[in-house]
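What's in final.txt: compact mmCIF, C-alpha atoms
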```txt
# COMPACT_ATOMS: atom_id res chain seq x y z
CA MET A 1 -15.98 0.14 29.83
CA PRO A 2 -18.68 -2.47 29.10
CA HIS A 3 -19.43 -5.09 31.74
CA VAL A 4 -17.79 -8.40 30.87
CA PRO A 5 -20.02 -11.40 31.61
CA PRO A 6 -18.41 -14.49 33.13
CA SER A 7 -19.47 -16.72 30.22
CA SER A 8 -20.95 -16.45 26.74
CA SER A 9 -22.45 -19.95 26.69
CA ARG A 10 -26.02 -19.90 25.38
CA PHE A 11 -25.31 -16.51 23.89
CA TRP A 12 -28.88 -16.35 22.61
CA ALA A 13 -30.39 -16.24 26.09
CA PRO A 14 -31.77 -12.69 26.43
CA HIS A 15 -30.06 -11.98 29.77
CA VAL A 16 -26.69 -13.24 28.42
CA HIS A 17 -27.04 -11.20 25.26
CA ALA A 18 -27.97 -8.10 27.27
CA ASP A 19 -24.69 -8.40 29.19
CA ARG A 20 -22.66 -9.03 26.03
CA ARG A 21 -24.32 -6.42 23.83
CA PRO A 22 -22.20 -3.39 24.90
CA ILE A 23 -19.07 -5.29 23.90
CA LEU A 24 -20.57 -6.37 20.58
CA LEU A 25 -21.68 -2.83 19.78
CA ALA A 26 -18.14 -1.65 20.57
CA ARG A 27 -16.90 -4.29 18.12
CA SER A 28 -19.16 -2.85 15.42
CA ARG A 29 -17.86 0.66 16.07
CA ILE A 30 -14.26 -0.58 15.90
CA VAL A 31 -14.86 -2.37 12.59
CA ALA A 32 -16.53 0.73 11.14
CA ALA A 33 -13.64 2.94 12.26
CA LEU A 34 -11.04 0.62 10.74
CA ARG A 35 -12.96 0.36 7.47
CA SER A 36 -13.10 4.14 7.29
CA TRP A 37 -9.36 4.41 7.97
CA PHE A 38 -8.49 2.05 5.12
CA ALA A 39 -10.97 3.65 2.72
CA SER A 40 -9.49 7.10 3.39
CA ARG A 41 -6.09 5.76 2.30
CA GLU A 42 -7.33 4.26 -0.96
CA PHE A 43 -7.27 0.63 0.10
CA VAL A 44 -9.63 -1.62 -1.83
CA GLU A 45 -11.59 -3.93 0.45
CA VAL A 46 -11.60 -7.41 -1.07
CA GLU A 47 -13.42 -10.66 -0.31
CA THR A 48 -11.38 -13.73 -1.16
CA GLY A 49 -12.69 -17.29 -1.18
CA THR A 50 -12.99 -19.43 1.92
CA LEU A 51 -12.66 -22.85 0.23
CA ARG A 52 -9.12 -23.63 -0.86
CA ILE A 53 -7.10 -26.38 -2.50
CA SER A 54 -4.43 -25.59 0.07
CA PRO A 55 -5.36 -23.99 3.41
CA GLY A 56 -1.78 -22.85 4.04
CA ASN A 57 1.44 -24.62 4.85
CA GLU A 58 2.58 -23.75 8.35
CA THR A 59 3.81 -26.65 10.45
CA HIS A 60 1.79 -26.03 13.59
CA LEU A 61 -1.48 -24.77 12.08
CA HIS A 62 -4.27 -27.27 11.48
CA ALA A 63 -7.07 -26.89 8.94
CA PHE A 64 -10.67 -28.01 8.64
CA ALA A 65 -11.04 -30.45 5.75
CA THR A 66 -14.05 -30.84 3.48
CA ALA A 67 -14.75 -32.08 -0.04
CA LEU A 68 -16.14 -30.75 -3.29
CA VAL A 69 -18.69 -33.02 -4.95
CA THR A 70 -18.87 -32.49 -8.70
CA THR A 71 -22.04 -32.75 -10.78
CA ASP A 72 -21.06 -36.27 -11.83
CA GLY A 73 -20.57 -37.40 -8.21
CA ARG A 74 -16.79 -37.32 -8.01
CA THR A 75 -15.15 -35.77 -4.97
CA ALA A 76 -12.10 -33.56 -4.58
CA PRO A 77 -10.54 -32.58 -1.23
CA LEU A 78 -10.80 -28.95 -0.16
CA TYR A 79 -10.05 -27.02 3.03
CA LEU A 80 -11.36 -23.99 4.88
CA ARG A 81 -8.71 -21.30 4.72
CA MET A 82 -6.47 -20.62 7.70
CA SER A 83 -5.53 -17.23 6.23
CA PRO A 84 -6.42 -15.16 3.16
CA GLU A 85 -2.73 -14.63 2.40
CA PHE A 86 -2.28 -16.74 -0.72
CA ALA A 87 -5.41 -15.32 -2.36
CA CYS A 88 -4.48 -11.74 -1.49
CA LYS A 89 -1.05 -12.18 -3.04
CA LYS A 90 -2.68 -13.44 -6.23
CA LEU A 91 -4.59 -10.15 -6.34
CA LEU A 92 -1.32 -8.25 -5.96
CA ALA A 93 0.03 -10.26 -8.91
CA ALA A 94 -3.12 -9.27 -10.82
CA GLY A 95 -2.29 -5.60 -10.34
CA GLU A 96 -3.95 -4.46 -7.11
CA ARG A 97 -1.77 -2.07 -5.10
CA ARG A 98 -3.43 -1.63 -1.71
CA ILE A 99 -5.90 -4.22 -0.48
CA VAL A 100 -7.51 -5.07 2.85
CA GLU A 101 -9.77 -7.92 3.96
CA PHE A 102 -11.76 -8.60 7.10
CA ALA A 103 -11.37 -12.33 6.63
CA LYS A 104 -13.19 -15.12 8.42
CA VAL A 105 -10.62 -17.88 8.89
CA PHE A 106 -10.67 -21.33 10.46
CA ARG A 107 -8.08 -23.22 12.50
CA ASN A 108 -8.52 -26.62 14.09
CA ARG A 109 -7.10 -27.76 17.44
CA GLU A 110 -7.37 -24.18 18.80
CA ARG A 111 -9.66 -23.36 21.73
CA THR A 112 -8.30 -21.14 24.52
CA PRO A 113 -9.25 -17.75 25.99
CA LEU A 114 -7.33 -16.24 23.04
CA HIS A 115 -8.21 -18.80 20.34
CA HIS A 116 -11.46 -19.77 18.65
CA PRO A 117 -11.92 -22.24 15.76
CA GLU A 118 -13.47 -19.48 13.63
CA PHE A 119 -12.15 -15.94 13.95
CA THR A 120 -11.45 -12.78 11.97
CA LEU A 121 -8.10 -11.70 10.58
CA LEU A 122 -7.73 -8.12 9.44
CA GLU A 123 -5.17 -8.52 6.68
CA TRP A 124 -3.78 -5.81 4.41
CA TYR A 125 -1.07 -5.42 1.78
CA ARG A 126 0.88 -2.56 0.24
CA ALA A 127 2.58 -3.18 -3.10
CA GLY A 128 5.82 -1.28 -3.65
CA GLU A 129 6.01 -0.07 -0.04
CA PRO A 130 8.49 -1.16 2.66
CA TYR A 131 7.27 -3.24 5.55
CA GLY A 132 8.21 -0.56 8.05
CA VAL A 133 5.11 1.32 6.88
CA LEU A 134 3.03 -1.54 8.27
CA ILE A 135 4.29 -0.78 11.76
CA ASP A 136 2.84 2.72 11.47
CA ASP A 137 -0.39 1.15 10.21
CA CYS A 138 -0.56 -1.13 13.25
CA VAL A 139 -0.09 1.80 15.62
CA ALA A 140 -2.96 3.54 13.82
CA MET A 141 -5.18 0.45 14.25
CA LEU A 142 -4.65 0.54 18.02
CA ARG A 143 -5.57 4.20 18.23
CA GLU A 144 -8.61 3.88 15.98
CA ALA A 145 -9.89 0.97 18.06
CA ALA A 146 -9.29 2.83 21.32
CA ARG A 147 -11.18 5.89 20.14
CA ALA A 148 -14.08 3.81 18.82
CA ALA A 149 -14.38 1.96 22.15
CA ALA A 150 -13.72 5.09 24.25
CA ALA A 151 -10.80 3.27 25.88
CA ALA A 152 -7.93 5.27 27.37
CA GLN A 153 -6.10 2.02 28.18
CA PHE A 154 -6.07 -1.48 26.77
CA THR A 155 -6.31 -4.17 29.45
CA TYR A 156 -6.05 -7.93 29.73
CA ARG A 157 -6.09 -9.87 33.00
CA GLY A 158 -4.42 -7.23 35.13
CA ARG A 159 -2.05 -5.95 32.45
CA SER A 160 -2.49 -2.58 30.79
CA SER A 161 -1.05 -0.74 27.80
CA ASP A 162 -1.48 2.78 26.45
CA PRO A 163 -2.65 2.47 22.81
CA PHE A 164 -1.73 6.10 22.15
CA ALA A 165 1.88 5.74 23.33
CA ALA A 166 4.72 5.32 20.84
CA PRO A 167 5.59 1.60 20.76
CA ASP A 168 8.74 0.14 22.23
CA ARG A 169 10.69 -1.43 19.37
CA LEU A 170 13.30 -4.13 19.82
CA THR A 171 14.66 -7.00 17.80
CA VAL A 172 14.06 -10.61 18.72
CA ALA A 173 17.77 -10.95 19.49
CA GLU A 174 17.61 -7.95 21.84
CA ALA A 175 14.56 -9.41 23.58
CA PHE A 176 16.29 -12.77 24.12
CA ALA A 177 19.33 -11.03 25.55
CA ARG A 178 17.30 -8.69 27.78
CA PHE A 179 14.76 -11.11 29.20
CA ALA A 180 16.48 -14.51 28.99
CA GLY A 181 20.21 -13.74 28.87
CA ILE A 182 20.58 -15.67 25.60
CA ASP A 183 22.69 -14.69 22.58
CA LEU A 184 20.17 -15.82 19.97
CA LEU A 185 22.20 -14.93 16.88
CA ALA A 186 25.02 -17.18 18.07
CA THR A 187 22.66 -20.15 17.71
CA LEU A 188 21.62 -19.33 14.15
CA ASN A 189 23.78 -21.56 12.01
CA ASN A 190 23.41 -24.98 10.47
CA GLU A 191 25.66 -26.83 12.89
CA ALA A 192 24.21 -29.33 15.32
CA ALA A 193 26.29 -27.65 18.02
CA ALA A 194 24.11 -24.56 17.67
CA ARG A 195 21.07 -26.48 18.89
CA GLU A 196 23.03 -27.79 21.86
CA HIS A 197 24.31 -24.31 22.67
CA PHE A 198 20.76 -22.99 22.52
CA ALA A 199 19.45 -25.81 24.72
CA HIS A 200 22.10 -25.19 27.40
CA ALA A 201 21.42 -21.44 27.35
CA ALA A 202 17.67 -22.03 27.67
CA GLN A 203 18.18 -24.44 30.57
CA ALA A 204 20.38 -21.87 32.27
CA ALA A 205 17.44 -19.46 31.97
CA GLY A 206 15.22 -21.99 33.75
CA ILE A 207 13.48 -23.47 30.69
CA ARG A 208 12.79 -27.21 30.66
CA ILE A 209 14.04 -28.76 27.41
CA ALA A 210 13.15 -32.22 26.12
CA ASP A 211 15.77 -34.37 24.43
CA ASP A 212 13.86 -34.36 21.15
CA ASP A 213 13.20 -30.59 21.11
CA ARG A 214 14.49 -29.01 17.93
CA TRP A 215 15.85 -25.49 17.56
CA ALA A 216 12.39 -24.09 16.78
CA ASP A 217 10.88 -25.83 19.82
CA ILE A 218 13.47 -24.28 22.12
CA PHE A 219 12.84 -20.86 20.56
CA SER A 220 9.10 -21.18 21.20
CA ARG A 221 9.57 -22.26 24.81
CA VAL A 222 11.84 -19.32 25.60
CA LEU A 223 9.58 -16.88 23.76
CA VAL A 224 6.43 -17.97 25.58
CA GLU A 225 7.93 -18.39 29.04
CA ARG A 226 10.51 -15.60 29.23
CA ILE A 227 9.84 -13.02 26.51
CA GLU A 228 6.13 -12.58 25.84
CA PRO A 229 5.09 -11.74 29.43
CA HIS A 230 7.24 -8.59 29.19
CA LEU A 231 5.96 -7.36 25.82
CA GLY A 232 3.37 -4.64 25.37
CA ILE A 233 3.22 -3.75 29.06
CA GLY A 234 2.58 -0.05 29.56
CA ARG A 235 2.94 0.58 25.87
CA PRO A 236 2.78 -1.57 22.71
CA THR A 237 5.88 -3.49 21.64
CA ILE A 238 7.13 -4.14 18.12
CA LEU A 239 9.25 -7.30 18.12
CA ASP A 240 11.28 -7.10 14.91
CA GLU A 241 13.74 -9.20 12.87
CA TYR A 242 12.51 -12.73 13.51
CA PRO A 243 14.89 -15.60 12.71
CA ALA A 244 14.72 -16.42 9.01
CA VAL A 245 14.22 -20.12 9.79
CA LEU A 246 10.90 -19.21 11.42
CA SER A 247 9.73 -16.86 8.67
CA ALA A 248 8.82 -19.02 5.69
CA LEU A 249 6.85 -16.28 3.91
CA ALA A 250 9.16 -13.34 4.60
CA LYS A 251 12.20 -12.12 2.69
CA PRO A 252 15.63 -11.95 4.36
CA ALA A 253 16.77 -8.79 6.12
CA ARG A 254 20.21 -7.26 5.64
CA ASP A 255 21.52 -9.87 8.08
CA PRO A 256 20.46 -13.09 6.30
CA ARG A 257 20.06 -14.88 9.64
CA VAL A 258 16.94 -12.82 10.26
CA ALA A 259 13.93 -11.84 8.18
CA GLU A 260 11.82 -8.79 7.49
CA ARG A 261 9.20 -9.89 9.98
CA PHE A 262 7.73 -8.20 13.02
CA GLU A 263 5.02 -8.93 15.55
CA LEU A 264 2.95 -6.45 17.53
CA TYR A 265 2.34 -7.18 21.22
CA VAL A 266 -0.09 -5.49 23.59
CA CYS A 267 -0.58 -6.57 27.23
CA GLY A 268 1.57 -9.65 26.57
CA ILE A 269 -0.68 -10.73 23.68
CA GLU A 270 0.56 -11.22 20.13
CA LEU A 271 -1.77 -9.08 18.05
CA ALA A 272 -0.27 -8.77 14.54
CA ASN A 273 2.31 -10.45 12.32
CA GLY A 274 3.86 -8.50 9.42
CA PHE A 275 6.30 -9.30 6.61
CA GLY A 276 8.34 -7.92 3.84
CA GLU A 277 6.90 -10.48 1.44
CA LEU A 278 9.07 -13.13 -0.18
CA THR A 279 8.65 -13.00 -3.97
CA ASP A 280 11.14 -15.71 -5.02
CA ALA A 281 8.79 -18.48 -6.15
CA ALA A 282 11.44 -21.23 -6.15
CA GLU A 283 12.62 -20.32 -2.66
CA GLN A 284 9.03 -20.11 -1.45
CA ARG A 285 8.29 -23.60 -2.76
CA ARG A 286 11.37 -24.97 -1.02
CA ARG A 287 10.38 -23.39 2.29
CA LEU A 288 6.78 -24.57 2.16
CA GLU A 289 7.87 -28.09 1.30
CA GLU A 290 10.16 -28.05 4.34
CA GLU A 291 7.23 -26.94 6.49
CA MET A 292 5.15 -29.84 5.25
CA VAL A 293 7.93 -32.37 5.83
CA GLU A 294 8.12 -31.18 9.43
CA LYS A 295 4.33 -31.23 9.77
CA GLU A 296 4.22 -34.83 8.59
CA ARG A 297 7.00 -35.77 11.01
CA ARG A 298 5.18 -34.21 13.95
CA TYR A 299 1.51 -34.74 13.17
CA GLY A 300 1.39 -37.41 10.48
CA ALA A 301 -0.36 -35.09 8.02
CA ARG A 302 0.49 -32.58 5.33
CA TYR A 303 -1.41 -30.17 3.07
CA PRO A 304 -0.88 -29.73 -0.67
CA LEU A 305 1.00 -26.72 -1.98
CA ASP A 306 -0.96 -24.13 -3.92
CA ASP A 307 0.79 -24.26 -7.29
CA ASP A 308 -1.40 -21.45 -8.55
CA PHE A 309 -0.13 -19.24 -5.71
CA LEU A 310 3.48 -20.09 -6.52
CA ALA A 311 2.89 -19.26 -10.20
CA ALA A 312 1.38 -15.90 -9.20
CA LEU A 313 4.27 -15.20 -6.84
CA ALA A 314 6.65 -15.23 -9.79
CA VAL A 315 4.99 -12.07 -11.16
CA MET A 316 3.92 -10.46 -7.87
CA PRO A 317 5.52 -7.05 -7.22
CA GLU A 318 7.58 -6.29 -4.13
CA ALA A 319 5.10 -5.86 -1.31
CA SER A 320 4.55 -5.86 2.42
CA GLY A 321 1.64 -7.37 4.32
CA VAL A 322 0.33 -7.87 7.83
CA ALA A 323 -2.37 -9.90 9.56
CA LEU A 324 -3.96 -8.56 12.75
CA GLY A 325 -6.28 -10.51 15.04
CA LEU A 326 -9.43 -8.39 15.00
CA ASP A 327 -11.12 -10.30 17.83
CA ARG A 328 -8.09 -9.88 20.09
CA LEU A 329 -8.01 -6.17 19.30
CA VAL A 330 -11.66 -5.90 20.37
CA MET A 331 -10.86 -7.86 23.54
CA LEU A 332 -8.12 -5.44 24.49
CA ALA A 333 -10.22 -2.37 23.75
CA THR A 334 -13.23 -3.61 25.74
CA GLY A 335 -11.55 -5.41 28.62
CA ALA A 336 -12.95 -8.80 27.64
CA TRP A 337 -10.94 -11.76 28.90
CA ARG A 338 -12.20 -14.50 26.55
CA ILE A 339 -12.42 -14.35 22.78
CA ASP A 340 -15.95 -15.78 22.71
CA GLN A 341 -17.12 -12.71 24.61
CA VAL A 342 -16.43 -10.51 21.57
CA LEU A 343 -17.99 -12.83 18.95
CA TRP A 344 -21.63 -12.30 17.97
CA THR A 345 -22.31 -16.05 17.67
CA PRO A 346 -19.50 -18.08 19.29
CA LEU A 347 -19.25 -21.79 18.58
CA ASP A 348 -20.49 -24.10 21.32
CA ASP A 349 -17.60 -25.80 23.10
CA PRO A 350 -18.33 -29.57 23.15
CA SER A 351 -15.87 -30.05 26.00
CA GLN A 352 -18.03 -27.94 28.35
```
Take the structure in the file and give it back as structure tokens.
Amino acid sequence: MPHVPPSSSRFWAPHVHADRRPILLARSRIVAALRSWFASREFVEVETGTLRISPGNETHLHAFATALVTTDGRTAPLYLRMSPEFACKKLLAAGERRIVEFAKVFRNRERTPLHHPEFTLLEWYRAGEPYGVLIDDCVAMLREAARAAAAAQFTYRGRSSDPFAAPDRLTVAEAFARFAGIDLLATLNNEAAAREHFAHAAQAAGIRIADDDRWADIFSRVLVERIEPHLGIGRPTILDEYPAVLSALAKPARDPRVAERFELYVCGIELANGFGELTDAAEQRRRLEEEMVEKERRYGARYPLDDDFLAALAVMPEASGVALGLDRLVMLATGAWRIDQVLWTPLDDPSQ
């Protein structure tokens, strides 16, 4: 396993680079292995645009804003993408069947050991195939990365996981019952009493709840404090059937309270997020508008909807798609404990 340096500040200093280089070379081998895997399965690697009219419409994600200056001096607002999702779905509408992108994406207000303002999402889509196939794909990604990095175990801060083991699979409701003693499905209705029931159950599990916390806030607190530390320990975990109210881009499952959405966890880290894609354009517009209303309430800002994406969605075939954090995958395979240790040229942190 490569030596992990304590810091990647001044990455260009020869002695710092010499320490980081084994990890970066492992990253290159992992990327090459994943590219080969997708190519062997007839995926087309695409490169979608970085500048967007809309960067995405998730409440808690924050974009970098810029502006287009036309030849006559006028300006129009643009954003750096937070995901390639909308553009990839337009390509599915155009007729592509299997596509993959190693996408540079940008998110503001994010700087932690697991977050960097610029990072890489490995995102792929299968038209006409159920989203359960994506779970098998994710398992393959773990194994390809492990082989490329010569890693028998994935590790992160004292936790380990066998990337070659069959994943543990449980629903979100099962996880809440097992690790927090909460009947999550009982809280999934439109009555105000459901929020109160959820709040009392969370408090009974030892979670501090603020008076103005909404249902989604309580969910996040329980997930982070009681559920995630148990996921992906020893073996990967597939956390399936997310609440529909938290899955704006996913289609409903057989139980309409939940959606065709899963997340992959390894060593307590969320690594991938997959959907059976929603293709109802009117419903998608309604959901994204709700997200932006909530964003404005919380943060005093909102992003425009991509009307071109919604028009394409109306003719997009049934499909499934998943986004996997490539940098986090490299971290797990190499034993790195900060995301900037696996980036060739990390951004200087002005707070340091």
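Among the candidate residues A:Val44, A:Leu239, A:Leu185, A:Ala94, the one lying nearest to A:Glu260 is A:Leu239, with distances computed using all atoms listed in the file.
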Can you pull out every residue within 6 Å of A:Ser160, counting only C-alpha atoms, but drop anything in the same chain fewer than 2 positions away, and send it as JSON, numbers by chain? {"A": [154, 155, 234, 267]}
Write out the residues from the selection above, keeping C-alpha atoms, as a PDB file, keeping the file's coordinate frame.
```
ATOM      1  CA  PHE A 154      -6.070  -1.480  26.770  1.00  0.00           C
ATOM      2  CA  THR A 155      -6.310  -4.170  29.450  1.00  0.00           C
ATOM      3  CA  GLY A 234       2.580  -0.050  29.560  1.00  0.00           C
ATOM      4  CA  CYS A 267      -0.580  -6.570  27.230  1.00  0.00           C
TER       5      CYS A 267
END
```
Smallest atom-to-atom distance to A:Phe38: which of A:Arg107, A:Gly128, A:Met141, A:Gly73, using all atoms listed in the file?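 Using all atoms listed in the file, A:Phe38 sits closest to A:Met141.
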Mind running stretch 195-270 of chain A against stretch 282-302 of chain A at 10 Å and telling me each contacting residue's nearest atom pair with the distance in Å (one decimal), counting all atoms listed in the file, chain and number ascending, as CSV?
```
residue,atom,partner,partner_atom,distance
A:Val245,CA,A:Arg287,CA,9.0
A:Leu246,CA,A:Glu291,CA,9.9
A:Ser247,CA,A:Arg287,CA,9.2
A:Ala248,CA,A:Arg287,CA,5.8
A:Leu249,CA,A:Gln284,CA,6.9
A:Ala250,CA,A:Gln284,CA,9.1
A:Lys251,CA,A:Gln284,CA,9.5
```
One decimal, Å: what's the distance from atom CA of A:Ala314 over to atom CA of A:Lys89, could you say?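 Those two atoms sit 10.7 Å apart.
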Shortest interatomic distance to A:Asn108 - which of A:Val139, A:Val330, A:Leu184, A:Leu80, counting only C-alpha atoms: A:Leu80
Compile the contact shell of A:Pro117 as number ranges by chain: residues with an atom at most 12 Å away, counting all atoms listed in the file, same-chain residues fewer than 6 positions apart removed. A: 61-64, 80-82, 104-111, 339-340, 343, 346-349
Interatomic distance, atom CA of A:Phe198 to atom CA of A:Asp212 (Å, one decimal):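 Computing it gives 13.4 Å between the two atoms.
Remark: for A:Gln341, the closest of the candidate residues A:Ala202, A:Leu114, A:Leu92, A:Ala244 is A:Leu114 (distances computed over all atoms listed in the file).
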